[in-house]
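Here's data03.txt, which has compact mmCIF, C-alpha atoms:
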```
# COMPACT_ATOMS: atom_id res chain seq x y z
CA MET A 1 123.78 -19.47 -189.79
CA ARG A 2 120.43 -18.96 -188.15
CA SER A 3 119.78 -15.76 -186.26
CA LEU A 4 118.16 -16.03 -182.86
CA ILE A 5 115.17 -13.76 -182.27
CA LEU A 6 114.26 -13.17 -178.64
CA LEU A 7 110.63 -12.24 -178.04
CA ALA A 8 109.69 -10.15 -175.04
CA PRO A 9 107.14 -11.80 -172.78
CA VAL A 10 103.57 -10.61 -173.27
CA VAL A 11 102.29 -9.00 -170.09
CA ALA A 12 98.52 -8.79 -169.75
CA ALA A 13 97.17 -5.37 -168.86
CA ALA A 14 95.98 -5.05 -165.29
CA MET A 15 92.25 -4.76 -164.72
CA THR A 16 90.95 -1.22 -164.30
CA VAL A 17 87.66 0.22 -163.07
CA GLY A 18 86.34 3.48 -164.52
CA THR A 19 83.31 5.74 -164.89
CA ASP A 20 84.31 7.94 -167.84
CA PHE A 21 80.98 7.70 -169.68
CA GLU A 22 77.46 9.08 -169.43
CA GLY A 23 75.84 8.16 -166.15
CA GLY A 24 79.00 6.57 -164.73
CA SER A 25 79.45 7.03 -161.00
CA LEU A 26 81.68 5.74 -158.22
CA GLY A 27 83.42 7.26 -155.26
CA ARG A 28 86.73 5.94 -153.95
CA ILE A 29 88.23 3.00 -155.88
CA GLU A 30 90.60 0.84 -153.83
CA GLN A 31 92.42 -2.14 -155.32
CA VAL A 32 93.04 -4.76 -152.65
CA SER A 33 94.60 -7.24 -155.07
CA GLY A 34 94.54 -8.06 -158.78
CA THR A 35 91.09 -9.61 -158.40
CA HIS A 36 89.67 -7.72 -155.42
CA PHE A 37 88.39 -4.13 -155.46
CA ARG A 38 86.56 -2.02 -152.89
CA LEU A 39 84.25 0.43 -154.64
CA ALA A 40 82.59 3.24 -152.73
CA VAL A 41 79.22 4.58 -153.81
CA LYS A 42 79.45 8.27 -154.69
CA ALA A 43 76.61 9.80 -152.72
CA GLU A 44 74.98 13.18 -153.17
CA ARG A 45 73.58 15.59 -150.60
CA ASP A 46 70.90 18.23 -150.89
CA GLN A 47 71.24 22.01 -150.91
CA ASP A 48 71.69 22.06 -147.13
CA GLY A 49 74.23 19.23 -147.02
CA ARG A 50 71.60 16.84 -145.66
CA ASN A 51 69.81 13.71 -146.92
CA ARG A 52 72.91 11.87 -148.15
CA GLN A 53 71.77 9.55 -150.95
CA ALA A 54 73.99 6.60 -151.88
CA THR A 55 71.59 5.08 -154.38
CA TRP A 56 73.43 4.90 -157.69
CA TYR A 57 76.61 3.28 -158.97
CA TYR A 58 77.57 2.47 -162.53
CA PHE A 59 81.06 1.48 -163.68
CA ARG A 60 83.03 -0.32 -166.36
CA ALA A 61 85.72 -2.95 -165.81
CA ASP A 62 88.43 -3.31 -168.47
CA HIS A 63 91.07 -6.03 -168.94
CA ALA A 64 89.30 -8.46 -166.66
CA GLY A 65 91.00 -11.84 -166.64
CA ALA A 66 89.56 -15.31 -166.34
CA LYS A 67 89.71 -15.45 -162.54
CA GLU A 68 86.81 -14.76 -160.23
CA LEU A 69 86.61 -11.14 -159.09
CA THR A 70 85.50 -9.86 -155.71
CA LEU A 71 83.94 -6.41 -155.81
CA ASP A 72 82.92 -4.83 -152.51
CA ILE A 73 80.28 -2.09 -152.83
CA VAL A 74 80.79 0.11 -149.77
CA ASP A 75 80.05 3.51 -148.19
CA LEU A 76 76.32 2.82 -148.18
CA PRO A 77 74.76 4.54 -145.11
CA GLY A 78 72.80 7.69 -145.76
CA GLU A 79 69.83 9.82 -144.81
CA TYR A 80 66.34 10.03 -146.30
CA ASN A 81 63.81 12.71 -145.38
CA TYR A 82 66.18 13.71 -142.54
CA GLN A 83 66.17 10.20 -141.07
CA PRO A 84 69.49 8.25 -141.03
CA ASN A 85 69.54 4.75 -142.51
CA ARG A 86 71.94 1.92 -143.27
CA GLY A 87 71.58 2.50 -146.97
CA ALA A 88 69.29 1.66 -149.86
CA ILE A 89 71.67 -0.96 -151.28
CA THR A 90 71.04 -4.32 -149.56
CA ARG A 91 70.72 -8.03 -150.28
CA ASP A 92 67.33 -7.24 -151.84
CA THR A 93 68.86 -5.01 -154.53
CA PRO A 94 71.60 -6.87 -156.41
CA PRO A 95 73.05 -4.96 -159.37
CA VAL A 96 72.91 -5.79 -163.06
CA ILE A 97 75.78 -6.70 -165.38
CA SER A 98 76.19 -6.26 -169.14
CA TYR A 99 78.85 -7.32 -171.64
CA ASP A 100 77.39 -5.35 -174.57
CA ASN A 101 75.90 -2.28 -172.83
CA GLN A 102 72.48 -3.34 -174.08
CA THR A 103 71.40 -6.53 -172.35
CA TRP A 104 71.41 -6.38 -168.55
CA LYS A 105 71.05 -9.33 -166.17
CA HIS A 106 71.17 -9.39 -162.39
CA VAL A 107 74.39 -10.50 -160.72
CA ALA A 108 73.67 -13.98 -159.39
CA THR A 109 76.42 -14.48 -156.79
CA PHE A 110 76.78 -11.96 -153.98
CA GLU A 111 76.74 -11.53 -150.22
CA TYR A 112 75.44 -8.74 -148.02
CA ASP A 113 77.04 -7.82 -144.72
CA PRO A 114 74.69 -5.59 -142.71
CA ALA A 115 77.34 -4.87 -140.09
CA GLU A 116 79.55 -2.64 -142.27
CA PRO A 117 77.28 -2.54 -144.39
CA GLU A 118 78.60 -3.76 -147.75
CA LEU A 119 77.41 -5.69 -150.78
CA VAL A 120 80.06 -8.15 -151.98
CA LEU A 121 79.83 -9.26 -155.61
CA HIS A 122 81.52 -12.37 -157.00
CA ILE A 123 82.00 -12.11 -160.76
CA LEU A 124 83.53 -14.74 -163.06
CA PRO A 125 83.88 -12.59 -166.21
CA LYS A 126 82.66 -13.94 -169.55
CA HIS A 127 84.61 -11.23 -171.38
CA SER A 128 87.43 -8.84 -170.57
CA ARG A 129 85.10 -5.81 -170.47
CA PHE A 130 81.81 -5.49 -168.67
CA ARG A 131 79.63 -2.92 -166.95
CA ILE A 132 77.81 -3.08 -163.63
CA ALA A 133 75.00 -0.77 -162.48
CA HIS A 134 72.52 -0.55 -159.63
CA VAL A 135 69.66 -0.99 -162.13
CA PRO A 136 69.63 -1.14 -165.95
CA PRO A 137 70.78 2.35 -167.02
CA TYR A 138 68.70 4.55 -169.29
CA THR A 139 70.68 7.53 -170.57
CA ALA A 140 70.20 10.43 -173.00
CA GLN A 141 71.51 8.10 -175.70
CA ASN A 142 68.58 5.74 -175.09
CA LEU A 143 66.20 8.67 -175.15
CA GLY A 144 67.70 9.97 -178.38
CA ARG A 145 66.97 6.69 -180.13
CA LEU A 146 63.39 6.78 -178.84
CA ARG A 147 62.99 10.38 -179.99
CA SER A 148 64.24 9.53 -183.50
CA PHE A 149 61.63 6.78 -183.71
CA ALA A 150 58.85 9.03 -182.43
CA LEU A 151 59.60 11.98 -184.72
CA ARG A 152 58.63 9.84 -187.71
CA HIS A 153 55.05 9.58 -186.43
CA PRO A 154 52.58 12.35 -187.37
CA ALA A 155 50.86 12.19 -183.96
CA PHE A 156 54.06 13.07 -182.10
CA HIS A 157 55.16 16.63 -181.35
CA GLU A 158 58.02 18.02 -179.26
CA GLN A 159 58.31 21.33 -177.43
CA VAL A 160 61.30 22.71 -175.51
CA ILE A 161 59.87 24.26 -172.34
CA GLY A 162 63.05 25.41 -170.63
CA LYS A 163 66.62 24.67 -169.63
CA THR A 164 68.15 22.79 -166.72
CA VAL A 165 70.70 24.32 -164.36
CA GLY A 166 73.35 22.84 -166.66
CA GLY A 167 71.77 24.30 -169.81
CA ARG A 168 70.21 21.10 -171.17
CA ASP A 169 66.83 21.17 -172.89
CA LEU A 170 63.72 20.28 -170.94
CA VAL A 171 61.20 18.84 -173.37
CA LEU A 172 57.49 18.18 -173.36
CA TRP A 173 56.14 15.61 -175.81
CA THR A 174 52.57 15.54 -177.07
CA VAL A 175 50.83 12.55 -178.62
CA SER A 176 47.41 13.16 -180.14
CA ALA A 177 45.67 12.12 -183.35
CA ALA A 178 42.78 14.53 -182.96
CA PRO A 179 42.78 18.34 -183.17
CA LEU A 180 43.23 19.78 -179.69
CA SER A 181 40.07 21.07 -178.08
CA PRO A 182 39.37 22.34 -174.54
CA ASP A 183 36.93 19.53 -173.75
CA GLN A 184 39.26 16.73 -174.84
CA PRO A 185 40.69 14.94 -171.77
CA ALA A 186 44.43 15.26 -171.32
CA VAL A 187 46.71 12.90 -169.43
CA TRP A 188 50.16 14.03 -168.29
CA LEU A 189 52.92 11.49 -167.74
CA MET A 190 56.12 12.34 -165.88
CA PHE A 191 59.25 10.17 -165.88
CA ARG A 192 62.66 10.37 -164.24
CA GLN A 193 62.20 13.11 -161.66
CA HIS A 194 65.04 11.32 -159.85
CA SER A 195 67.98 10.43 -162.03
CA TRP A 196 68.85 7.07 -160.44
CA GLU A 197 65.34 5.72 -161.08
CA ALA A 198 66.09 4.44 -164.58
CA GLY A 199 63.22 1.94 -164.45
CA SER A 200 60.92 4.93 -164.81
CA SER A 201 62.47 5.79 -168.19
CA TRP A 202 62.22 2.21 -169.47
CA ALA A 203 58.50 2.29 -168.61
CA GLY A 204 58.21 5.71 -170.28
CA GLU A 205 59.61 4.25 -173.49
CA GLY A 206 57.15 1.40 -173.32
CA ALA A 207 54.29 3.87 -172.83
CA LEU A 208 55.27 6.04 -175.80
CA ARG A 209 55.78 3.09 -178.13
CA ALA A 210 52.33 1.78 -177.17
CA LEU A 211 50.74 5.17 -177.86
CA LEU A 212 52.38 5.36 -181.29
CA ARG A 213 51.46 1.83 -182.37
CA ASP A 214 49.34 1.69 -185.50
CA ASP A 215 46.99 -0.93 -184.11
CA ALA A 216 43.44 -0.48 -182.84
CA GLU A 217 44.50 0.18 -179.23
CA GLY A 218 47.15 2.73 -180.16
CA ARG A 219 44.77 4.62 -182.46
CA ARG A 220 42.01 4.59 -179.83
CA LEU A 221 44.30 6.01 -177.13
CA ARG A 222 45.58 8.75 -179.46
CA GLN A 223 42.11 9.74 -180.61
CA ALA A 224 40.42 9.71 -177.22
CA ILE A 225 43.10 11.43 -175.12
CA VAL A 226 45.76 14.10 -175.49
CA TRP A 227 48.96 12.70 -173.97
CA LYS A 228 51.50 15.17 -172.58
CA ILE A 229 54.79 13.57 -171.55
CA PHE A 230 57.82 14.80 -169.60
CA PRO A 231 60.22 12.03 -170.69
CA LEU A 232 63.33 13.07 -168.72
CA CYS A 233 62.88 15.52 -165.87
CA ASP A 234 66.53 15.59 -164.74
CA PRO A 235 68.85 15.30 -167.76
CA ASP A 236 71.72 16.88 -165.79
CA GLY A 237 71.52 14.17 -163.13
CA VAL A 238 71.27 11.38 -165.69
CA ALA A 239 74.38 12.68 -167.48
CA ARG A 240 76.55 12.95 -164.38
CA GLY A 241 75.32 9.78 -162.69
CA GLY A 242 73.34 11.62 -160.04
CA VAL A 243 70.74 10.44 -157.59
CA ARG A 244 67.71 12.68 -156.92
CA PHE A 245 68.92 16.29 -156.75
CA ASN A 246 69.41 18.87 -159.48
CA ALA A 247 72.79 20.55 -159.97
CA ASN A 248 71.96 23.01 -157.18
CA GLY A 249 71.08 20.23 -154.76
CA TYR A 250 67.29 20.50 -154.87
CA ASP A 251 65.15 17.37 -154.86
CA LEU A 252 63.00 17.46 -157.99
CA ASN A 253 60.11 15.66 -156.31
CA ARG A 254 60.09 17.88 -153.29
CA ASN A 255 60.00 21.67 -153.55
CA TRP A 256 56.75 21.73 -155.51
CA ASP A 257 55.53 24.34 -153.01
CA VAL A 258 58.41 26.63 -154.05
CA GLU A 259 58.73 28.65 -157.24
CA ASP A 260 62.36 29.54 -157.95
CA ALA A 261 63.33 29.45 -161.61
CA ARG A 262 66.98 30.12 -160.79
CA LYS A 263 67.57 27.38 -158.23
CA MET A 264 65.02 24.90 -159.62
CA PRO A 265 64.44 25.72 -163.31
CA GLU A 266 63.29 22.15 -163.92
CA ILE A 267 60.31 22.39 -161.56
CA ALA A 268 59.54 25.93 -162.71
CA ALA A 269 59.40 24.89 -166.38
CA GLN A 270 57.22 21.86 -165.68
CA ARG A 271 54.82 23.88 -163.51
CA ASP A 272 54.64 26.63 -166.16
CA ALA A 273 53.76 24.10 -168.86
CA VAL A 274 50.86 22.83 -166.75
CA ARG A 275 49.75 26.37 -165.95
CA ALA A 276 49.79 27.35 -169.63
CA ARG A 277 47.62 24.35 -170.54
CA LEU A 278 45.05 25.27 -167.91
CA ARG A 279 45.15 28.96 -168.82
CA ASP A 280 44.20 28.05 -172.39
CA GLY A 281 41.02 26.43 -171.10
CA HIS A 282 42.07 22.79 -171.29
CA THR A 283 41.44 20.30 -168.51
CA ILE A 284 43.75 17.67 -167.07
CA ALA A 285 41.95 14.40 -166.45
CA LEU A 286 44.89 12.66 -164.77
CA TYR A 287 48.53 13.44 -164.00
CA PHE A 288 50.92 10.56 -163.28
CA SER A 289 54.52 10.49 -162.06
CA LEU A 290 56.42 7.19 -162.02
CA HIS A 291 59.24 6.41 -159.57
CA ASN A 292 61.39 3.54 -158.34
CA THR A 293 62.19 2.53 -154.81
CA GLU A 294 63.93 -0.44 -153.22
CA THR A 295 61.31 -2.72 -151.68
CA GLY A 296 58.07 -0.73 -151.49
CA GLU A 297 55.46 -0.47 -154.22
CA TYR A 298 52.38 1.71 -154.00
CA LEU A 299 50.08 4.20 -155.68
CA GLU A 300 49.50 7.57 -154.02
CA GLY A 301 46.60 9.75 -155.03
CA PRO A 302 45.80 13.44 -154.50
CA PRO A 303 45.28 14.78 -150.98
CA GLU A 304 41.87 14.39 -149.40
CA GLN A 305 42.26 16.44 -146.23
CA GLY A 306 40.64 19.82 -146.79
CA GLY A 307 39.25 18.69 -150.14
CA ASP A 308 35.85 17.52 -151.30
CA GLY A 309 36.88 13.94 -152.09
CA ARG A 310 35.78 14.22 -155.71
CA PHE A 311 38.86 12.37 -156.97
CA ARG A 312 38.43 9.33 -154.73
CA PRO A 313 36.29 7.33 -157.24
CA LEU A 314 38.92 7.91 -159.95
CA ALA A 315 41.73 6.95 -157.56
CA GLU A 316 40.00 3.76 -156.45
CA ARG A 317 39.14 2.79 -160.02
CA PHE A 318 42.70 3.46 -161.21
CA PHE A 319 44.20 1.46 -158.34
CA LYS A 320 41.87 -1.47 -159.01
CA ILE A 321 42.68 -1.59 -162.74
CA LEU A 322 46.44 -1.30 -162.18
CA SER A 323 46.37 -4.07 -159.57
CA ALA A 324 44.31 -6.41 -161.75
CA GLU A 325 45.70 -5.80 -165.22
CA THR A 326 49.38 -4.84 -164.88
CA SER A 327 52.52 -6.06 -163.14
CA PHE A 328 51.94 -3.46 -160.40
CA ALA A 329 52.22 -5.41 -157.13
CA PRO A 330 51.27 -2.99 -154.34
CA ALA A 331 52.73 -3.52 -150.89
CA THR A 332 50.07 -1.27 -149.32
CA PRO A 333 46.48 -0.22 -150.06
CA LEU A 334 45.81 2.93 -152.06
CA ARG A 335 47.39 5.93 -150.36
CA PHE A 336 46.56 9.63 -150.41
CA ALA A 337 49.18 12.38 -150.21
CA ASP A 338 47.65 14.28 -147.31
CA THR A 339 50.90 15.18 -145.51
CA THR A 340 54.32 16.19 -146.76
CA THR A 341 57.42 14.14 -146.05
CA THR A 342 58.60 16.71 -143.48
CA ALA A 343 55.65 18.43 -141.84
CA GLY A 344 55.96 22.16 -141.27
CA MET A 345 59.01 22.58 -143.53
CA CYS A 346 58.83 24.61 -146.72
CA GLY A 347 60.06 22.88 -149.85
CA ARG A 348 58.79 19.39 -149.05
CA MET A 349 55.69 19.06 -151.25
CA THR A 350 55.78 16.33 -153.91
CA VAL A 351 54.48 16.92 -157.42
CA VAL A 352 51.17 15.35 -156.37
CA GLN A 353 50.76 17.70 -153.44
CA GLY A 354 51.96 20.78 -155.31
CA LEU A 355 49.68 20.30 -158.29
CA TYR A 356 46.68 19.65 -156.07
CA HIS A 357 47.47 22.64 -153.86
CA ASP A 358 47.88 25.06 -156.78
CA PHE A 359 45.50 23.72 -159.44
CA ARG A 360 43.30 20.99 -157.88
CA ILE A 361 44.64 18.48 -160.41
CA PRO A 362 44.06 14.72 -159.82
CA ALA A 363 47.74 13.78 -159.69
CA PHE A 364 49.12 10.35 -158.83
CA LEU A 365 52.55 9.04 -157.92
CA MET A 366 53.57 5.42 -158.25
CA GLU A 367 56.62 3.79 -156.69
CA GLN A 368 57.78 0.56 -158.33
CA ARG A 369 60.19 -1.65 -156.43
CA ILE A 370 63.51 -2.75 -157.92
CA SER A 371 63.54 -5.82 -155.66
CA PHE A 372 61.61 -9.08 -156.08
CA ASN A 373 58.22 -8.64 -157.76
CA SER A 374 55.69 -11.26 -156.66
CA LYS A 375 53.69 -11.09 -159.89
CA LEU A 376 56.75 -11.54 -162.08
CA GLY A 377 58.22 -14.13 -159.72
CA ARG A 378 61.69 -12.54 -160.00
CA LEU A 379 63.63 -9.30 -159.97
CA PRO A 380 62.28 -6.85 -162.59
CA GLU A 381 64.39 -6.23 -165.69
CA ALA A 382 64.25 -3.67 -168.50
CA PRO A 383 61.81 -5.67 -170.71
CA ASP A 384 59.41 -5.84 -167.75
CA ARG A 385 59.49 -2.06 -167.41
CA LEU A 386 58.84 -1.65 -171.15
CA ALA A 387 55.86 -3.99 -170.89
CA PHE A 388 54.52 -2.12 -167.88
CA GLY A 389 54.62 1.17 -169.81
CA ALA A 390 52.23 -0.27 -172.39
CA GLU A 391 50.02 -1.67 -169.62
CA LEU A 392 50.04 1.71 -167.88
CA VAL A 393 48.60 3.78 -170.73
CA ALA A 394 45.91 1.16 -171.34
CA ALA A 395 45.02 1.24 -167.62
CA ILE A 396 44.84 5.04 -167.60
CA GLY A 397 42.55 5.08 -170.62
CA LYS A 398 40.28 2.56 -168.97
CA ALA A 399 40.28 4.43 -165.63
CA ILE A 400 39.23 7.68 -167.30
CA TYR A 401 36.39 6.25 -169.37
CA SER A 402 35.20 3.41 -167.14
CA LYS A 403 32.49 4.12 -164.58
CA ASP A 404 32.70 0.80 -162.71
```
Please express the file's structure as structure tokens.
Amino acid sequence: MRSLILLAPVVAAAMTVGTDFEGGSLGRIEQVSGTHFRLAVKAERDQDGRNRQATWYYFRADHAGAKELTLDIVDLPGEYNYQPNRGAITRDTPPVISYDNQTWKHVATFEYDPAEPELVLHILPKHSRFRIAHVPPYTAQNLGRLRSFALRHPAFHEQVIGKTVGGRDLVLWTVSAAPLSPDQPAVWLMFRQHSWEAGSSWAGEGALRALLRDDAEGRRLRQAIVWKIFPLCDPDGVARGGVRFNANGYDLNRNWDVEDARKMPEIAAQRDAVRARLRDGHTIALYFSLHNTETGEYLEGPPEQGGDGRFRPLAERFFKILSAETSFAPATPLRFADTTTTAGMCGRMTVVQGLYHDFRIPAFLMEQRISFNSKLGRLPEAPDRLAFGAELVAAIGKAIYSKD
């Protein structure tokens, strides 16, 4: 006699959305149906509860089925430099998606409703698990792999210059093939002052790899210039999925007219490293901080008001080379950082303004858009940022030594 075995029906697990990983960030998660979620952006505010920034989201979907998903990205309005806005996330800034946490491509099907406002994504999953982020993420794990590569090169050196509010190391990297001497020009590169601006870190990796290449260009750049690099200025923010403030709420590209090692240890450590270099008799030929923004793209040089204008030829030469020989696609002519973002208010100087004010250093800040790039003919992706990093160090070398 045969026995009858009854099998319980297999019930597929319901899709879930989570952020339990480095850099993950969302606010309220509301499930409208099995295939429709409303996902709020988790904004951050500054030390005074102002300047709400809803500029970063990064999440993982698990147990996604074969049906099309609708994901509403909401809670977008904010405030920037004390001016309210409808949000930085618009139709011009579609997110990226990855199925392997390595390769990121822009979401192709979406809608933007400016009335709410909201960005509505339509995803037909290729696999049951995927990740979505505002831009391709670059975390401490990425940086650790880059560091392991760099430590094998004799021209690379690392120094811990301080700790963040959260106790993480702040590091300064040096790349130089020649013995250090006071008359050797030094270039300082600064990446990721604002944690959401991951494109800055991708470019930083491209710059370091170019400097450590064992080809003629790499050797020339190492021998001619001492390169000092802040690779990750806000590791606390990168870890928690932050936006632009340190753990105490201070914007790490404002407040360069304030010295407070308790509230802003990141800025204090970076400023002290510069001060120590100058105190030892070394010069700084050029200081460069790279940022990302939504639709603007520009280069800003050191202030000219109240100065002697001696850095204008360098600024104009640098701008010309970047515009001609890299993917930099400026939306405006060369700018100069003559006024702070909030006139008359303490704690509003950028790194460019602070370094010029204190040390008369020729500092520059570049904003690269995350939206459509006219030179690339598309939205920028991580390989484009890597390529720009290599272009950047070549352009800096040329700007320093060229007299055209």
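CA of Gly301 (chain A) is positioned 15.2 Å from CA of Phe328 (chain A).
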* Asked: Suppose you want the space between CA of Arg222 (chain A) and CA of Arg209 (chain A); what is it in Å?
  ->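 Distance between the two atoms: 11.7 Å.
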* Using all atoms listed in the file, pick whichever of A:Met264, A:Ala394, A:Ile229, A:Ala224 has the shortest atom-to-atom distance to Glu158 (chain A). =>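 Among the listed residues, the smallest separation from Glu158 (chain A) belongs to A:Ile229.
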* **Test item: residues at most 10 Å from Asp236 (chain A), only C-alpha atoms, excluding those fewer than 4 positions along its chain, as an MDAnalysis selection string** => chainID A and resid 23 140 164:169 195 232 240:242 245:247
Atoms kept (C-alpha atoms) for selection, written as a PDB file, in the coordinates of the input:
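again21.pdb, written as the output of this step:
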```
ATOM      1  CA  GLY A  23      75.840   8.160-166.150  1.00  0.00           C
ATOM      2  CA  ALA A 140      70.200  10.430-173.000  1.00  0.00           C
ATOM      3  CA  THR A 164      68.150  22.790-166.720  1.00  0.00           C
ATOM      4  CA  VAL A 165      70.700  24.320-164.360  1.00  0.00           C
ATOM      5  CA  GLY A 166      73.350  22.840-166.660  1.00  0.00           C
ATOM      6  CA  GLY A 167      71.770  24.300-169.810  1.00  0.00           C
ATOM      7  CA  ARG A 168      70.210  21.100-171.170  1.00  0.00           C
ATOM      8  CA  ASP A 169      66.830  21.170-172.890  1.00  0.00           C
ATOM      9  CA  SER A 195      67.980  10.430-162.030  1.00  0.00           C
ATOM     10  CA  LEU A 232      63.330  13.070-168.720  1.00  0.00           C
ATOM     11  CA  ARG A 240      76.550  12.950-164.380  1.00  0.00           C
ATOM     12  CA  GLY A 241      75.320   9.780-162.690  1.00  0.00           C
ATOM     13  CA  GLY A 242      73.340  11.620-160.040  1.00  0.00           C
ATOM     14  CA  PHE A 245      68.920  16.290-156.750  1.00  0.00           C
ATOM     15  CA  ASN A 246      69.410  18.870-159.480  1.00  0.00           C
ATOM     16  CA  ALA A 247      72.790  20.550-159.970  1.00  0.00           C
TER      17      ALA A 247
END
```
May I have the protein, DNA and RNA residues with any atom at most 8 Å from the point (51.5, -6.9, -154.9), counting only C-alpha atoms, written as a PDB file with C-alpha atoms, in the frame of the given file?
```pdb
ATOM      1  CA  GLU A 297      55.460  -0.470-154.220  1.00  0.00           C
ATOM      2  CA  SER A 323      46.370  -4.070-159.570  1.00  0.00           C
ATOM      3  CA  PHE A 328      51.940  -3.460-160.400  1.00  0.00           C
ATOM      4  CA  ALA A 329      52.220  -5.410-157.130  1.00  0.00           C
ATOM      5  CA  PRO A 330      51.270  -2.990-154.340  1.00  0.00           C
ATOM      6  CA  ALA A 331      52.730  -3.520-150.890  1.00  0.00           C
ATOM      7  CA  ASN A 373      58.220  -8.640-157.760  1.00  0.00           C
ATOM      8  CA  SER A 374      55.690 -11.260-156.660  1.00  0.00           C
ATOM      9  CA  LYS A 375      53.690 -11.090-159.890  1.00  0.00           C
TER      10      LYS A 375
END
```
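Distances here use only C-alpha atoms; by that measure, the residue among A:His134, A:Arg145, A:Arg45, A:Arg86 closest to Pro114 (chain A) is A:Arg86.
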* Point-to-point distance from CA of Arg50 (chain A) to CA of Asp257 (chain A), Å rounded to tenths ->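 These atoms are spaced 19.2 Å apart.
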* Go through A:Leu170, A:Ala387, A:Leu208, A:Ala133 one by one, measure the shortest atom-to-atom distance of each to Pro235 (chain A) using all atoms listed in the file, and give the residue with the smallest value. => A:Leu170
* Asked: Using all atoms listed in the file, which of A:Leu189, A:Leu124, A:Ala273, A:Leu379 sits nearest Phe364 (chain A)?
  ->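 Answer, going by the shortest atom-to-atom distance: A:Leu189.
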* In file coordinates, which residues lie within 12 Å of (66.7, 10.5, -155.8) using all atoms listed in the file, given as number ranges by chain? -> A: 43-46, 51-56, 79-81, 88, 192-198, 233-234, 237-238, 241-246, 249-254, 291-294
* Structure fact -> The residue from A:Leu299, A:Ile132, A:Ala186, A:Leu386 with the smallest atom-to-atom distance to Gly24 (chain A), counting all atoms listed in the file, is A:Ile132
* With only C-alpha atoms as the basis for distance, which of A:Pro84, A:Ile73, A:Val226, A:Gln47 is at the shortest distance from Glu30 (chain A)? ->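 Going through A:Pro84, A:Ile73, A:Val226, A:Gln47 one by one, the smallest distance to Glu30 (chain A) is for A:Ile73.
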* Residues within 9 Å of Gly27 (chain A), only C-alpha atoms, excluding chain neighbours under 4 positions, as a ChimeraX atom specification -> /A:39-43,57,75
Just write the chosen residues, C-alpha atoms, as an mmCIF file, in the coordinates of the input.
```cif
data_model
loop_
_atom_site.group_PDB
_atom_site.id
_atom_site.type_symbol
_atom_site.label_atom_id
_atom_site.label_comp_id
_atom_site.auth_asym_id
_atom_site.auth_seq_id
_atom_site.Cartn_x
_atom_site.Cartn_y
_atom_site.Cartn_z
ATOM 1 C CA LEU A 39 84.250 0.430 -154.640
ATOM 2 C CA ALA A 40 82.590 3.240 -152.730
ATOM 3 C CA VAL A 41 79.220 4.580 -153.810
ATOM 4 C CA LYS A 42 79.450 8.270 -154.690
ATOM 5 C CA ALA A 43 76.610 9.800 -152.720
ATOM 6 C CA TYR A 57 76.610 3.280 -158.970
ATOM 7 C CA ASP A 75 80.050 3.510 -148.190
#
```
For region 335-350 of chain A, work out the shell of residues within 10 Å, counting all atoms listed in the file and skipping chain neighbours fewer than 2 positions away, then give it as a CSV table (one decimal) with C-alpha atoms, keeping the file's coordinate frame.
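Contents of around_16.csv, freshly written:
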```csv
chain,number,residue,atom,x,y,z
A,80,TYR,CA,66.3,10.0,-146.3
A,81,ASN,CA,63.8,12.7,-145.4
A,82,TYR,CA,66.2,13.7,-142.5
A,250,TYR,CA,67.3,20.5,-154.9
A,251,ASP,CA,65.2,17.4,-154.9
A,252,LEU,CA,63.0,17.5,-158.0
A,253,ASN,CA,60.1,15.7,-156.3
A,254,ARG,CA,60.1,17.9,-153.3
A,255,ASN,CA,60.0,21.7,-153.6
A,256,TRP,CA,56.8,21.7,-155.5
A,257,ASP,CA,55.5,24.3,-153.0
A,258,VAL,CA,58.4,26.6,-154.0
A,259,GLU,CA,58.7,28.6,-157.2
A,298,TYR,CA,52.4,1.7,-154.0
A,299,LEU,CA,50.1,4.2,-155.7
A,300,GLU,CA,49.5,7.6,-154.0
A,301,GLY,CA,46.6,9.8,-155.0
A,302,PRO,CA,45.8,13.4,-154.5
A,303,PRO,CA,45.3,14.8,-151.0
A,304,GLU,CA,41.9,14.4,-149.4
A,305,GLN,CA,42.3,16.4,-146.2
A,306,GLY,CA,40.6,19.8,-146.8
A,307,GLY,CA,39.2,18.7,-150.1
A,312,ARG,CA,38.4,9.3,-154.7
A,315,ALA,CA,41.7,7.0,-157.6
A,316,GLU,CA,40.0,3.8,-156.4
A,319,PHE,CA,44.2,1.5,-158.3
A,332,THR,CA,50.1,-1.3,-149.3
A,333,PRO,CA,46.5,-0.2,-150.1
A,352,VAL,CA,51.2,15.4,-156.4
A,353,GLN,CA,50.8,17.7,-153.4
A,354,GLY,CA,52.0,20.8,-155.3
A,355,LEU,CA,49.7,20.3,-158.3
A,356,TYR,CA,46.7,19.6,-156.1
A,357,HIS,CA,47.5,22.6,-153.9
A,363,ALA,CA,47.7,13.8,-159.7
A,364,PHE,CA,49.1,10.4,-158.8
A,365,LEU,CA,52.6,9.0,-157.9
```
